[in-house]
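*Asks:* Contents of work01.cif (mmCIF, C-alpha atoms) are given next:
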data_start
#
loop_
_atom_site.label_atom_id
_atom_site.label_comp_id
_atom_site.auth_asym_id
_atom_site.auth_seq_id
_atom_site.Cartn_x
_atom_site.Cartn_y
_atom_site.Cartn_z
CA GLY A 162 5.30 5.61 10.62
CA CYS A 163 3.33 6.44 7.50
CA ARG A 164 1.39 9.23 9.23
CA MET A 165 4.49 10.54 11.00
CA LEU A 166 6.54 10.77 7.78
CA GLY A 167 3.74 11.49 5.30
CA TYR A 168 4.24 8.45 3.06
CA ALA A 169 1.80 5.81 1.86
CA ARG A 170 2.67 2.31 3.09
CA GLU A 171 3.75 1.26 -0.40
CA GLU A 172 6.21 4.16 -0.55
CA LEU A 173 7.75 3.36 2.83
CA VAL A 174 8.01 -0.42 3.11
CA GLY A 175 11.33 -1.87 2.04
CA ARG A 176 13.24 1.41 1.99
CA PRO A 177 16.38 1.66 4.13
CA LEU A 178 16.44 3.95 7.15
CA THR A 179 19.35 5.86 5.61
CA GLU A 180 16.87 7.44 3.18
CA PHE A 181 15.09 9.13 6.09
CA VAL A 182 17.83 10.17 8.54
CA ALA A 183 19.27 13.67 8.36
CA PRO A 184 22.33 13.77 6.05
CA GLY A 185 24.65 14.49 8.96
CA ASP A 186 23.42 11.37 10.76
CA VAL A 187 24.11 8.77 8.05
CA GLN A 188 27.46 7.70 9.57
CA ARG A 189 25.88 7.64 13.03
CA GLN A 190 23.12 5.40 11.66
CA ALA A 191 25.68 3.02 10.14
CA ALA A 192 27.48 2.76 13.51
CA LEU A 193 24.14 2.11 15.20
CA ALA A 194 23.34 -0.70 12.75
CA ARG A 195 26.71 -2.34 13.51
CA ARG A 196 26.06 -2.20 17.26
CA LEU A 197 22.57 -3.65 16.81
CA HIS A 198 23.94 -6.54 14.74
CA GLU A 199 26.44 -7.18 17.56
CA GLY A 200 23.52 -7.64 19.97
CA ALA A 201 23.06 -4.17 21.43
CA VAL A 202 19.67 -2.65 22.14
CA GLU A 203 19.71 1.10 21.52
CA VAL A 204 17.43 3.99 22.38
CA ALA A 205 18.39 7.39 20.98
CA GLU A 206 17.02 10.62 19.55
CA TRP A 207 17.09 11.09 15.77
CA ARG A 208 15.71 13.48 13.17
CA LEU A 209 13.81 11.76 10.36
CA ARG A 210 12.99 13.42 7.04
CA ARG A 211 9.34 13.58 6.08
CA LYS A 212 8.10 13.31 2.50
CA ASP A 213 7.67 17.10 2.36
CA GLY A 214 11.36 17.57 3.30
CA SER A 215 10.76 18.74 6.86
CA TYR A 216 12.21 16.85 9.81
CA VAL A 217 10.57 15.28 12.84
CA ALA A 218 12.39 14.54 16.11
CA VAL A 219 11.89 10.94 17.19
CA GLU A 220 13.03 8.59 19.91
CA LEU A 221 14.16 5.44 18.12
CA SER A 222 14.41 2.13 19.94
CA GLY A 223 16.09 -0.63 17.97
CA SER A 224 17.42 -4.18 18.16
CA ALA A 225 18.37 -7.02 15.81
CA LEU A 226 16.11 -9.98 15.14
CA PRO A 227 17.54 -13.53 15.15
CA ASP A 228 17.48 -13.61 11.33
CA GLY A 229 19.64 -10.45 11.11
CA ARG A 230 16.92 -7.96 10.24
CA LEU A 231 16.71 -4.83 12.35
CA LEU A 232 13.60 -3.89 14.28
CA ALA A 233 12.98 -0.32 15.35
CA PHE A 234 10.17 1.67 16.90
CA ALA A 235 10.01 5.43 16.44
CA ARG A 236 8.08 7.80 18.70
CA ASP A 237 7.46 11.42 17.76
CA ILE A 238 8.98 13.56 20.53
CA THR A 239 8.31 17.01 19.07
#
Any chance you could put this one into structure tokens?
*Replies:*
Amino acid sequence: GCRMLGYAREELVGRPLTEFVAPGDVQRQAALARRLHEGAVEVAEWRLRRKDGSYVAVELSGSALPDGRLLAFARDIT
């Protein structure tokens, strides 16, 4: 994730995904988070914003952990 988005680990860890999704996808991301918390497992394409302001197309696979945190894996599909 650090290499894909151009951030150092310290800059990336703990920041919400909403800081990296394209502005037009923020509501879509909120709906996704609700579905994940309801037990869904989702795989979808997203655009994530890199540190330099450019975007990368990713396939994001996500689910909720038993403690309520969300787990997601992103794969660069450009």
*Asks:* Can you list, as a PyMOL selection string, the residues that the PyMOL selection byres ((chain A and resi 182) around 9) selects here?
*Replies:* chain A and resi 178-181+183-187+190+207-210+216
*Asks:* Using all atoms listed in the file for the distances, tell me which of A:Glu199, A:Asp213, A:Glu206, A:Glu171 is nearest to Gly229 (chain A).
*Replies:*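 That would be A:Glu199, the residue with the smallest distance to Gly229 (chain A).
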*Asks:* Rounded to one decimal, what separation in Å do you get between CA of Ala235 (chain A) and CA of Gly223 (chain A)?
*Replies:*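 Answer for the CA of Ala235 (chain A) to CA of Gly223 (chain A) separation: 8.7 Å.
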*Asks:* Going by the chain IDs and residue numbers used in this file, which residues fall under the PyMOL selection byres ((chain A and resi 220) around 12)? Write them as a list in words.
*Replies:* Glu203, Val204, Ala205, Glu206, Trp207, Arg208, Leu209, Val217, Ala218, Val219, Leu221, Ser222, Gly223, Ala233, Phe234, Ala235, Arg236, Asp237, Ile238 and Thr239 of chain A
*Asks:* Next, dump the selected residues to file, keeping only C-alpha atoms, as a PDB file, keeping the file's coordinate frame.
*Replies:*
ATOM      1  CA  GLU A 203      19.710   1.100  21.520  1.00  0.00           C
ATOM      2  CA  VAL A 204      17.430   3.990  22.380  1.00  0.00           C
ATOM      3  CA  ALA A 205      18.390   7.390  20.980  1.00  0.00           C
ATOM      4  CA  GLU A 206      17.020  10.620  19.550  1.00  0.00           C
ATOM      5  CA  TRP A 207      17.090  11.090  15.770  1.00  0.00           C
ATOM      6  CA  ARG A 208      15.710  13.480  13.170  1.00  0.00           C
ATOM      7  CA  LEU A 209      13.810  11.760  10.360  1.00  0.00           C
ATOM      8  CA  VAL A 217      10.570  15.280  12.840  1.00  0.00           C
ATOM      9  CA  ALA A 218      12.390  14.540  16.110  1.00  0.00           C
ATOM     10  CA  VAL A 219      11.890  10.940  17.190  1.00  0.00           C
ATOM     11  CA  LEU A 221      14.160   5.440  18.120  1.00  0.00           C
ATOM     12  CA  SER A 222      14.410   2.130  19.940  1.00  0.00           C
ATOM     13  CA  GLY A 223      16.090  -0.630  17.970  1.00  0.00           C
ATOM     14  CA  ALA A 233      12.980  -0.320  15.350  1.00  0.00           C
ATOM     15  CA  PHE A 234      10.170   1.670  16.900  1.00  0.00           C
ATOM     16  CA  ALA A 235      10.010   5.430  16.440  1.00  0.00           C
ATOM     17  CA  ARG A 236       8.080   7.800  18.700  1.00  0.00           C
ATOM     18  CA  ASP A 237       7.460  11.420  17.760  1.00  0.00           C
ATOM     19  CA  ILE A 238       8.980  13.560  20.530  1.00  0.00           C
ATOM     20  CA  THR A 239       8.310  17.010  19.070  1.00  0.00           C
TER      21      THR A 239
END
*Asks:* Under the rule that all atoms listed in the file are counted, which of A:Val174, A:Arg230, A:Arg211, A:Met165 is the nearest residue to Arg195 (chain A)?
*Replies:*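 Closest candidate: A:Arg230.
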*Asks:* Between CA of Arg164 (chain A) and CA of Gly200 (chain A), measure the distance and give it in Å to one decimal.
*Replies:*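 A separation of 29.8 Å between them.
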*Asks:* Mind pulling up the distance from CA of Gly214 (chain A) to CA of Leu232 (chain A)?
*Replies:*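 Separating CA of Leu232 (chain A) from CA of Gly214 (chain A) is a distance of 24.2 Å.
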*Asks:* Any chance you could work out the axis-aligned box around region 173-178 of chain A, listed atoms only, 6 Å on each side, giving centre and edge lengths in Å to one decimal, as AutoDock Vina command-line options?
*Replies:*
--center_x 12.1 --center_y 1.0 --center_z 4.6 --size_x 20.7 --size_y 17.8 --size_z 17.2
*Asks:* From the list A:His198, A:Lys212, A:Gln188, A:Arg176, which residue is nearest Ala225 (chain A) when using only C-alpha atoms?
*Replies:*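 Selected residue with least distance to Ala225 (chain A): A:His198.
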*Asks:* How about completing region 209-225 of chain A with N, CA and C atoms and giving it to me as a JSON list (two decimals), keeping the file's coordinate frame?
*Replies:*
[["chain", "number", "residue", "atom", "x", "y", "z"],
["A", 209, "LEU", "N", 14.18, 12.47, 11.58],
["A", 209, "LEU", "CA", 13.81, 11.76, 10.36],
["A", 209, "LEU", "C", 13.17, 12.73, 9.39],
["A", 210, "ARG", "N", 13.49, 12.54, 8.10],
["A", 210, "ARG", "CA", 12.99, 13.42, 7.04],
["A", 210, "ARG", "C", 11.62, 12.94, 6.57],
["A", 211, "ARG", "N", 10.68, 13.86, 6.58],
["A", 211, "ARG", "CA", 9.34, 13.58, 6.08],
["A", 211, "ARG", "C", 9.33, 13.71, 4.55],
["A", 212, "LYS", "N", 8.26, 13.24, 3.95],
["A", 212, "LYS", "CA", 8.10, 13.31, 2.50],
["A", 212, "LYS", "C", 8.16, 14.74, 2.00],
["A", 213, "ASP", "N", 7.66, 15.69, 2.79],
["A", 213, "ASP", "CA", 7.67, 17.10, 2.36],
["A", 213, "ASP", "C", 9.02, 17.79, 2.59],
["A", 214, "GLY", "N", 10.02, 17.03, 3.10],
["A", 214, "GLY", "CA", 11.36, 17.57, 3.30],
["A", 214, "GLY", "C", 11.62, 18.11, 4.69],
["A", 215, "SER", "N", 10.57, 18.28, 5.48],
["A", 215, "SER", "CA", 10.76, 18.74, 6.86],
["A", 215, "SER", "C", 11.26, 17.58, 7.71],
["A", 216, "TYR", "N", 11.69, 17.89, 8.91],
["A", 216, "TYR", "CA", 12.21, 16.85, 9.81],
["A", 216, "TYR", "C", 11.34, 16.75, 11.05],
["A", 217, "VAL", "N", 11.28, 15.54, 11.60],
["A", 217, "VAL", "CA", 10.57, 15.28, 12.84],
["A", 217, "VAL", "C", 11.56, 14.65, 13.82],
["A", 218, "ALA", "N", 11.54, 15.12, 15.07],
["A", 218, "ALA", "CA", 12.39, 14.54, 16.11],
["A", 218, "ALA", "C", 11.71, 13.29, 16.64],
["A", 219, "VAL", "N", 12.45, 12.19, 16.71],
["A", 219, "VAL", "CA", 11.89, 10.94, 17.19],
["A", 219, "VAL", "C", 12.84, 10.31, 18.21],
["A", 220, "GLU", "N", 12.25, 9.49, 19.07],
["A", 220, "GLU", "CA", 13.03, 8.59, 19.91],
["A", 220, "GLU", "C", 12.95, 7.24, 19.21],
["A", 221, "LEU", "N", 14.09, 6.70, 18.85],
["A", 221, "LEU", "CA", 14.16, 5.44, 18.12],
["A", 221, "LEU", "C", 14.71, 4.37, 19.03],
["A", 222, "SER", "N", 13.99, 3.28, 19.16],
["A", 222, "SER", "CA", 14.41, 2.13, 19.94],
["A", 222, "SER", "C", 14.61, 0.97, 18.97],
["A", 223, "GLY", "N", 15.80, 0.40, 18.95],
["A", 223, "GLY", "CA", 16.09, -0.63, 17.97],
["A", 223, "GLY", "C", 16.85, -1.82, 18.52],
["A", 224, "SER", "N", 16.69, -2.96, 17.84],
["A", 224, "SER", "CA", 17.42, -4.18, 18.16],
["A", 224, "SER", "C", 17.45, -5.04, 16.91],
["A", 225, "ALA", "N", 18.27, -6.09, 16.94],
["A", 225, "ALA", "CA", 18.37, -7.02, 15.81],
["A", 225, "ALA", "C", 17.51, -8.25, 16.08]]
